[in-house]
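Raw model.cif, mmCIF, C-alpha atoms:
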```
data_data
loop_
_atom_site.group_PDB
_atom_site.id
_atom_site.type_symbol
_atom_site.label_atom_id
_atom_site.label_comp_id
_atom_site.auth_asym_id
_atom_site.auth_seq_id
_atom_site.Cartn_x
_atom_site.Cartn_y
_atom_site.Cartn_z
ATOM 1 C CA LEU A 1 2.039 -18.683 23.076
ATOM 2 C CA LEU A 2 0.847 -21.142 20.440
ATOM 3 C CA VAL A 3 -2.682 -19.683 20.502
ATOM 4 C CA GLY A 4 -1.310 -16.131 20.234
ATOM 5 C CA ALA A 5 0.976 -17.090 17.374
ATOM 6 C CA GLY A 6 -1.923 -18.744 15.580
ATOM 7 C CA LEU A 7 -4.151 -15.691 15.945
ATOM 8 C CA LEU A 8 -1.352 -13.416 14.758
ATOM 9 C CA THR A 9 -0.732 -15.599 11.720
ATOM 10 C CA ARG A 10 -4.441 -15.662 10.893
ATOM 11 C CA SER A 11 -4.722 -11.868 11.215
ATOM 12 C CA PHE A 12 -1.647 -11.374 9.025
ATOM 13 C CA SER A 13 -3.077 -13.745 6.430
ATOM 14 C CA ARG A 14 -6.334 -11.763 6.338
ATOM 15 C CA LEU A 15 -4.421 -8.506 5.831
ATOM 16 C CA LEU A 16 -2.533 -9.991 2.890
ATOM 17 C CA GLN A 17 -5.880 -10.726 1.240
ATOM 18 C CA VAL A 18 -7.046 -7.080 1.530
ATOM 19 C CA ASP A 19 -7.052 -5.266 -1.820
ATOM 20 C CA PRO A 20 -5.200 -1.939 -1.377
ATOM 21 C CA GLY A 21 -7.029 -0.502 -4.377
ATOM 22 C CA PHE A 22 -3.918 -0.114 -6.521
ATOM 23 C CA ARG A 23 -1.104 -2.223 -8.008
ATOM 24 C CA PRO A 24 2.148 -1.539 -6.128
ATOM 25 C CA GLU A 25 4.432 -3.802 -8.163
ATOM 26 C CA ASN A 26 6.979 -2.219 -10.552
ATOM 27 C CA VAL A 27 6.298 1.315 -9.325
ATOM 28 C CA LEU A 28 9.077 3.761 -8.453
ATOM 29 C CA THR A 29 8.181 6.617 -6.114
ATOM 30 C CA PHE A 30 10.020 9.800 -5.172
ATOM 31 C CA ASN A 31 9.294 13.312 -3.933
ATOM 32 C CA ILE A 32 9.903 16.650 -5.626
ATOM 33 C CA GLY A 33 9.621 19.896 -3.694
ATOM 34 C CA LEU A 34 9.988 22.984 -5.855
ATOM 35 C CA PRO A 35 11.917 25.919 -4.327
ATOM 36 C CA VAL A 36 9.581 28.863 -3.775
ATOM 37 C CA ALA A 37 12.141 31.437 -4.906
ATOM 38 C CA LYS A 38 12.409 29.856 -8.350
ATOM 39 C CA TYR A 39 8.802 28.637 -8.603
ATOM 40 C CA PRO A 40 6.761 31.349 -6.856
ATOM 41 C CA ASN A 41 3.313 30.602 -8.289
ATOM 42 C CA ASP A 42 1.102 27.771 -9.477
ATOM 43 C CA THR A 43 1.562 28.589 -13.168
ATOM 44 C CA VAL A 44 5.310 27.895 -13.179
ATOM 45 C CA ARG A 45 4.928 24.948 -10.791
ATOM 46 C CA VAL A 46 2.367 23.216 -13.007
ATOM 47 C CA ALA A 47 4.563 23.891 -16.040
ATOM 48 C CA TYR A 48 7.528 22.231 -14.311
ATOM 49 C CA PHE A 49 5.554 19.120 -13.365
ATOM 50 C CA ASP A 50 4.191 18.883 -16.915
ATOM 51 C CA ARG A 51 7.703 18.973 -18.372
ATOM 52 C CA ALA A 52 9.008 16.543 -15.753
ATOM 53 C CA THR A 53 6.233 14.072 -16.534
ATOM 54 C CA GLU A 54 6.920 14.268 -20.272
ATOM 55 C CA ALA A 55 10.658 13.735 -19.752
ATOM 56 C CA ILE A 56 10.151 10.664 -17.559
ATOM 57 C CA ALA A 57 7.454 9.197 -19.817
ATOM 58 C CA ALA A 58 9.902 9.244 -22.727
ATOM 59 C CA LEU A 59 12.342 6.908 -20.933
ATOM 60 C CA PRO A 60 12.643 3.308 -22.193
ATOM 61 C CA GLY A 61 10.747 0.836 -20.019
ATOM 62 C CA VAL A 62 8.450 3.451 -18.467
ATOM 63 C CA THR A 63 4.777 2.620 -19.075
ATOM 64 C CA ALA A 64 3.012 5.303 -17.020
ATOM 65 C CA VAL A 65 3.877 8.405 -14.975
ATOM 66 C CA GLY A 66 1.814 10.393 -12.519
ATOM 67 C CA ALA A 67 2.134 12.460 -9.387
ATOM 68 C CA THR A 68 0.077 13.164 -6.290
ATOM 69 C CA SER A 69 0.174 15.533 -3.355
ATOM 70 C CA VAL A 70 -0.363 12.599 -0.971
ATOM 71 C CA LEU A 71 0.775 9.061 -1.781
ATOM 72 C CA PRO A 72 -0.969 6.077 -0.129
ATOM 73 C CA PHE A 73 1.034 4.481 2.703
ATOM 74 C CA SER A 74 3.398 7.472 2.849
ATOM 75 C CA ASN A 75 2.545 8.453 6.448
ATOM 76 C CA ASN A 76 1.153 11.720 5.072
ATOM 77 C CA TRP A 77 -2.446 12.779 4.689
ATOM 78 C CA SER A 78 -4.636 15.736 3.779
ATOM 79 C CA THR A 79 -8.256 15.861 4.895
ATOM 80 C CA ALA A 80 -11.034 18.425 4.678
ATOM 81 C CA SER A 81 -14.736 18.946 5.205
ATOM 82 C CA PHE A 82 -16.924 19.559 2.165
ATOM 83 C CA ASN A 83 -20.539 19.326 1.043
ATOM 84 C CA VAL A 84 -22.043 17.165 -1.674
ATOM 85 C CA GLU A 85 -24.961 18.131 -3.854
ATOM 86 C CA GLY A 86 -28.235 16.721 -2.563
ATOM 87 C CA PHE A 87 -26.915 15.925 0.922
ATOM 88 C CA VAL A 88 -28.614 17.581 3.863
ATOM 89 C CA VAL A 89 -26.497 17.924 6.983
ATOM 90 C CA PRO A 90 -28.601 16.512 9.848
ATOM 91 C CA PRO A 91 -29.305 18.607 12.956
ATOM 92 C CA LYS A 92 -26.209 18.706 15.148
ATOM 93 C CA GLY A 93 -24.459 16.779 12.378
ATOM 94 C CA SER A 94 -21.403 17.752 10.371
ATOM 95 C CA MET A 95 -20.401 18.194 6.760
ATOM 96 C CA PRO A 96 -18.883 15.205 4.923
ATOM 97 C CA TRP A 97 -15.194 14.721 5.628
ATOM 98 C CA GLY A 98 -12.500 12.773 3.835
ATOM 99 C CA ASP A 99 -9.142 12.635 2.071
ATOM 100 C CA VAL A 100 -8.337 15.368 -0.424
ATOM 101 C CA ARG A 101 -5.577 14.917 -3.000
ATOM 102 C CA VAL A 102 -4.150 16.820 -5.952
ATOM 103 C CA VAL A 103 -3.004 14.628 -8.859
ATOM 104 C CA THR A 104 -1.735 14.830 -12.417
ATOM 105 C CA PRO A 105 -3.709 13.213 -15.260
ATOM 106 C CA GLY A 106 -1.490 10.110 -15.357
ATOM 107 C CA PHE A 107 -1.591 9.315 -11.637
ATOM 108 C CA PHE A 108 -4.396 6.751 -11.712
ATOM 109 C CA ASP A 109 -2.820 4.793 -14.570
ATOM 110 C CA ALA A 110 0.608 4.896 -12.925
ATOM 111 C CA LEU A 111 -0.690 3.478 -9.662
ATOM 112 C CA GLY A 112 -3.234 1.169 -11.267
ATOM 113 C CA VAL A 113 -6.320 2.719 -9.656
ATOM 114 C CA PRO A 114 -9.382 1.533 -11.631
ATOM 115 C CA LEU A 115 -11.882 3.878 -13.239
ATOM 116 C CA ARG A 116 -15.446 3.004 -12.207
ATOM 117 C CA ALA A 117 -17.374 5.678 -14.111
ATOM 118 C CA GLY A 118 -16.800 8.827 -16.137
ATOM 119 C CA ARG A 119 -13.239 9.794 -17.008
ATOM 120 C CA PHE A 120 -9.801 10.557 -15.636
ATOM 121 C CA PHE A 121 -8.354 14.064 -15.663
ATOM 122 C CA THR A 122 -6.844 15.240 -18.959
ATOM 123 C CA ALA A 123 -4.588 18.022 -20.172
ATOM 124 C CA GLN A 124 -7.759 19.908 -21.077
ATOM 125 C CA ASP A 125 -8.610 20.397 -17.376
ATOM 126 C CA THR A 126 -6.921 23.755 -16.834
ATOM 127 C CA ARG A 127 -7.441 26.988 -14.941
ATOM 128 C CA ASP A 128 -9.362 28.276 -17.959
ATOM 129 C CA THR A 129 -11.952 25.479 -17.854
ATOM 130 C CA PRO A 130 -14.679 24.649 -15.292
ATOM 131 C CA GLU A 131 -13.329 23.139 -12.083
ATOM 132 C CA VAL A 132 -13.663 19.366 -11.850
ATOM 133 C CA ALA A 133 -13.120 16.572 -9.353
ATOM 134 C CA ILE A 134 -12.865 12.800 -9.244
ATOM 135 C CA VAL A 135 -14.321 10.952 -6.257
ATOM 136 C CA ASP A 136 -13.918 7.407 -5.009
ATOM 137 C CA GLU A 137 -16.578 4.719 -5.044
ATOM 138 C CA ASP A 138 -17.067 4.936 -1.271
ATOM 139 C CA LEU A 139 -18.174 8.560 -1.535
ATOM 140 C CA VAL A 140 -20.672 7.591 -4.223
ATOM 141 C CA GLU A 141 -22.040 4.708 -2.147
ATOM 142 C CA THR A 142 -22.409 7.018 0.838
ATOM 143 C CA TYR A 143 -23.966 10.111 -0.734
ATOM 144 C CA TRP A 144 -25.229 9.202 -4.243
ATOM 145 C CA PRO A 145 -26.073 5.476 -4.013
ATOM 146 C CA THR A 146 -29.057 5.552 -6.375
ATOM 147 C CA VAL A 147 -28.139 8.286 -8.872
ATOM 148 C CA ASP A 148 -25.502 8.828 -11.524
ATOM 149 C CA PRO A 149 -22.652 10.713 -9.810
ATOM 150 C CA ILE A 150 -21.207 12.083 -13.059
ATOM 151 C CA GLY A 151 -22.200 15.730 -13.275
ATOM 152 C CA LYS A 152 -22.982 15.972 -9.568
ATOM 153 C CA ARG A 153 -21.198 18.664 -7.610
ATOM 154 C CA ILE A 154 -19.280 19.199 -4.391
ATOM 155 C CA THR A 155 -18.337 22.370 -2.578
ATOM 156 C CA PHE A 156 -16.108 23.437 0.267
ATOM 157 C CA ASN A 157 -18.623 26.103 1.198
ATOM 158 C CA ASP A 158 -21.194 25.743 3.913
ATOM 159 C CA PHE A 159 -24.644 25.848 2.339
ATOM 160 C CA THR A 160 -25.425 28.874 4.506
ATOM 161 C CA ASP A 161 -22.818 30.916 2.632
ATOM 162 C CA SER A 162 -24.216 33.596 0.344
ATOM 163 C CA VAL A 163 -22.236 32.267 -2.625
ATOM 164 C CA VAL A 164 -21.589 28.540 -3.089
ATOM 165 C CA HIS A 165 -18.566 27.561 -5.199
ATOM 166 C CA TRP A 166 -19.404 24.307 -6.988
ATOM 167 C CA ILE A 167 -16.958 21.757 -8.436
ATOM 168 C CA THR A 168 -18.295 19.163 -10.900
ATOM 169 C CA VAL A 169 -17.600 15.423 -10.600
ATOM 170 C CA VAL A 170 -16.293 13.975 -13.876
ATOM 171 C CA GLY A 171 -15.087 10.566 -12.707
ATOM 172 C CA VAL A 172 -15.344 7.828 -10.087
ATOM 173 C CA VAL A 173 -12.369 5.644 -9.152
ATOM 174 C CA GLY A 174 -11.830 2.709 -6.850
ATOM 175 C CA HIS A 175 -11.082 3.372 -3.195
ATOM 176 C CA THR A 176 -7.405 3.176 -2.231
ATOM 177 C CA MET A 177 -6.249 2.150 1.229
ATOM 178 C CA HIS A 178 -4.137 4.903 2.718
ATOM 179 C CA GLU A 179 -2.906 4.547 6.297
ATOM 180 C CA GLY A 180 -2.899 0.751 6.424
ATOM 181 C CA LEU A 181 -4.703 -2.343 5.208
ATOM 182 C CA ASP A 182 -6.644 -2.460 8.473
ATOM 183 C CA ALA A 183 -7.175 1.306 8.865
ATOM 184 C CA GLU A 184 -10.561 2.987 8.951
ATOM 185 C CA LYS A 185 -11.694 4.146 5.516
ATOM 186 C CA ARG A 186 -12.341 7.764 4.552
ATOM 187 C CA VAL A 187 -14.028 8.901 1.352
ATOM 188 C CA GLN A 188 -11.634 10.422 -1.180
ATOM 189 C CA VAL A 189 -11.733 13.450 -3.475
ATOM 190 C CA TYR A 190 -9.154 14.238 -6.163
ATOM 191 C CA PHE A 191 -8.458 17.522 -7.949
ATOM 192 C CA PRO A 192 -6.304 18.124 -11.044
ATOM 193 C CA LEU A 193 -2.947 19.750 -10.393
ATOM 194 C CA ALA A 194 -3.521 22.270 -13.169
ATOM 195 C CA GLN A 195 -6.549 23.674 -11.323
ATOM 196 C CA ALA A 196 -5.473 23.230 -7.701
ATOM 197 C CA GLY A 197 -1.730 23.871 -7.857
ATOM 198 C CA ASP A 198 0.933 22.442 -5.543
ATOM 199 C CA GLY A 199 4.685 22.799 -5.164
ATOM 200 C CA PHE A 200 5.304 19.427 -3.516
ATOM 201 C CA MET A 201 4.392 16.229 -5.342
ATOM 202 C CA THR A 202 5.186 12.541 -5.072
ATOM 203 C CA PHE A 203 5.780 10.830 -8.400
ATOM 204 C CA ALA A 204 4.725 7.286 -9.257
ATOM 205 C CA VAL A 205 6.549 5.791 -12.236
ATOM 206 C CA ARG A 206 5.407 2.394 -13.509
ATOM 207 C CA THR A 207 8.131 0.402 -15.236
ATOM 208 C CA GLN A 208 8.373 -2.865 -17.138
ATOM 209 C CA ALA A 209 11.200 -4.185 -14.930
ATOM 210 C CA ASP A 210 12.776 -3.430 -11.537
ATOM 211 C CA PRO A 211 11.744 0.185 -10.811
ATOM 212 C CA LEU A 212 14.977 0.956 -8.953
ATOM 213 C CA ALA A 213 16.879 0.288 -12.171
ATOM 214 C CA ALA A 214 15.134 3.339 -13.643
ATOM 215 C CA VAL A 215 16.424 5.790 -11.019
ATOM 216 C CA GLY A 216 19.483 6.838 -13.026
ATOM 217 C CA GLY A 217 17.423 7.525 -16.116
ATOM 218 C CA VAL A 218 14.854 9.469 -14.120
ATOM 219 C CA ARG A 219 17.529 11.684 -12.571
ATOM 220 C CA ALA A 220 19.086 12.343 -15.984
ATOM 221 C CA ALA A 221 15.705 13.159 -17.525
ATOM 222 C CA LEU A 222 14.823 15.580 -14.738
ATOM 223 C CA ASN A 223 18.204 17.280 -15.047
ATOM 224 C CA THR A 224 17.201 18.298 -18.563
ATOM 225 C CA VAL A 225 14.127 20.013 -17.116
ATOM 226 C CA ASP A 226 15.879 21.788 -14.234
ATOM 227 C CA PRO A 227 19.227 20.600 -12.820
ATOM 228 C CA ASP A 228 18.611 22.575 -9.623
ATOM 229 C CA VAL A 229 15.602 20.445 -8.616
ATOM 230 C CA ALA A 230 16.460 17.215 -6.797
ATOM 231 C CA ILE A 231 14.411 14.127 -6.031
ATOM 232 C CA ALA A 232 14.106 12.660 -2.533
ATOM 233 C CA ALA A 233 12.682 9.634 -0.695
ATOM 234 C CA VAL A 234 13.322 7.298 -3.644
ATOM 235 C CA ASN A 235 11.638 3.947 -3.066
ATOM 236 C CA ARG A 236 9.672 1.062 -4.517
ATOM 237 C CA MET A 237 5.919 1.243 -3.993
ATOM 238 C CA ASP A 238 5.742 -2.416 -3.030
#
```
I need this file expressed as structure tokens, please.
Amino acid sequence: LLVGAGLLTRSFSRLLQVDPGFRPENVLTFNIGLPVAKYPNDTVRVAYFDRATEAIAALPGVTAVGATSVLPFSNNWSTASFNVEGFVVPPKGSMPWGDVRVVTPGFFDALGVPLRAGRFFTAQDTRDTPEVAIVDEDLVETYWPTVDPIGKRITFNDFTDSVVHWITVVGVVGHTMHEGLDAEKRVQVYFPLAQAGDGFMTFAVRTQADPLAAVGGVRAALNTVDPDVAIAAVNRMD
């Protein structure tokens, strides 16, 4: 029993030293699912999330606001196969595979995910501009270890398709742990909400003090945007 307890304590201590890739302190999280009847397309959904972000950002004590389709450690995930420019799928091999997320421009600042190269998404990344993506440092180390990844491209097409739809990499961010501090890593790809669209997002609101103290203000701010849209799964990120 003593040996087992010692090993368990040592393993737990090692997990506490693992960097999750973001700063969970002082972050409020909650979900918003837009009703399809009222928000039937991506244009009105993106407009709602833009207004919601602006309303929350204006609250006293809020330092950053962002949203994502899949929040780390939320027991949710979204994965897909894709191809990266310059990578040749080996015989009997498979296309690259990893986590795929849709985020708003402020998500990385809100969660404290570091920028390694290039830029974050901005309000200028819209449906009327070329499609862009941000990838994590693990993807770069795996597929572009010796070249500048900014300007490289990924695609969800198989290279045997007659037309390949390319998406340009504009930024590289740190890797974030997702399913657990001891879970197997997957490379990560992010797309801007304005170009990808989504009706269900999880918000991350960074505050100067206890994030739960901001819940009332957040609810009031969102009521000014649309009183019929409720928030759910309110929690602290830490």
(message) Under the rule that all atoms listed in the file are counted, which of A:Ser162, A:Asn83, A:Asn157, A:Thr104 is the nearest residue to Leu139 (chain A)?
(response)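 Among A:Ser162, A:Asn83, A:Asn157, A:Thr104, it is A:Asn83 that comes nearest to Leu139 (chain A).
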(message) I need the output of the PyMOL selection byres ((chain A and resi 38-51) around 12) for this file as a ChimeraX atom specification; which residues are they?
(response) /A:31-37,52-58,65-69,102-106,122-123,126-128,192-203,221-229
(request) Using all atoms listed in the file, pick whichever of A:Ala214, A:Val169, A:Val27, A:Val234 has the shortest atom-to-atom distance to Val84 (chain A). (result)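 Closest residue, counting all atoms listed in the file: A:Val169.
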(request) Name all residues at most 7 Å from Asn75 (chain A) (count only C-alpha atoms; drop same-chain ones fewer than 2 positions away) and give them as a ChimeraX atom specification. (result) /A:73,77,179
For the selection just defined, write its residues with C-alpha atoms to a file, as a tab-separated table (two decimals), in the frame of the given file.
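File produced: again.tsv:
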```tsv
chain	number	residue	atom	x	y	z
A	73	PHE	CA	1.03	4.48	2.70
A	77	TRP	CA	-2.45	12.78	4.69
A	179	GLU	CA	-2.91	4.55	6.30
```
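Considering the residues A:Pro96, A:Leu115, A:Asp161, A:Tyr190 and counting all atoms listed in the file, Val135 (chain A) has its shortest atom-to-atom contact with A:Tyr190.
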(request) Would you please work out which residue, of A:Lys185, A:Arg101, A:His165, A:Lys152, is nearest to Glu85 (chain A) when using only C-alpha atoms? (result) A:Lys152
(request) I would like the residues chosen by the PyMOL selection byres ((chain A and resi 140) around 12) on the shown file; could you give them as a VMD selection string? (result) chain A and resid 84 to 87 116 to 117 134 to 139 141 to 150 152 to 154 169 171 to 175 187 to 189
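Taking CA of Glu131 (chain A) and CA of Trp166 (chain A) as the two end points, the separation is 8.0 Å.
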(request) Tell me, in Å to one decimal, how far CA of Pro211 (chain A) is from CA of Arg236 (chain A). (result)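 Atom-to-atom, CA of Pro211 (chain A) to CA of Arg236 (chain A), that is 6.7 Å.
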(request) Take CA of Arg219 (chain A) and CA of Ala233 (chain A) and report the distance between them in Å, one decimal. (result)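 Straight-line distance from CA of Arg219 (chain A) to CA of Ala233 (chain A) works out to 13.0 Å.
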List the residues matched by the PyMOL selection byres ((chain A and resi 26) around 8) in the displayed structure as a compact mmCIF listing (two decimals) with C-alpha atoms, keeping the file's coordinate frame, ordered by chain and then by residue number.
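Below is the file that was written, part-v9.txt:
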```txt
# COMPACT_ATOMS: atom_id res chain seq x y z
CA PRO A 24 2.15 -1.54 -6.13
CA GLU A 25 4.43 -3.80 -8.16
CA VAL A 27 6.30 1.32 -9.32
CA LEU A 28 9.08 3.76 -8.45
CA ARG A 206 5.41 2.39 -13.51
CA THR A 207 8.13 0.40 -15.24
CA GLN A 208 8.37 -2.86 -17.14
CA ALA A 209 11.20 -4.18 -14.93
CA ASP A 210 12.78 -3.43 -11.54
CA PRO A 211 11.74 0.18 -10.81
CA ARG A 236 9.67 1.06 -4.52
CA MET A 237 5.92 1.24 -3.99
CA ASP A 238 5.74 -2.42 -3.03
```
(request) Choose the residue, out of A:Gly118, A:Val218, A:Ile231, A:Pro72, that has the smallest atom-to-atom separation from Val205 (chain A); count all atoms listed in the file. (result)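 The closest residue to Val205 (chain A) is A:Val218.
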(message) My list of candidates is A:Ala213, A:Ala204, A:Val88, A:Ala230. Which is closest to Val113 (chain A) when distances are computed with all atoms listed in the file?
(response)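 Among A:Ala213, A:Ala204, A:Val88, A:Ala230, it is A:Ala204 that comes nearest to Val113 (chain A).
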Can you pull out the residues contacting Phe82 (chain A)? Cut-off 6 Å, using all atoms listed in the file, and skip same-chain residues under 2 positions away; I want them as a compact mmCIF listing (two decimals) with C-alpha atoms, in the coordinates of the input.
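Output below, filename around01.txt:
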```
# COMPACT_ATOMS: atom_id res chain seq x y z
CA MET A 95 -20.40 18.19 6.76
CA PRO A 96 -18.88 15.20 4.92
CA THR A 155 -18.34 22.37 -2.58
CA PHE A 156 -16.11 23.44 0.27
```
Work out where the centre of an axis-aligned box around every listed atom of region 44-61 of chain A lies and how long its edges are once 3 Å is added on each side; give both in Å to one decimal as JSON.
```
{"center_x": 7.5, "center_y": 14.4, "center_z": -16.8, "size_x": 16.3, "size_y": 33.1, "size_z": 17.9}
```
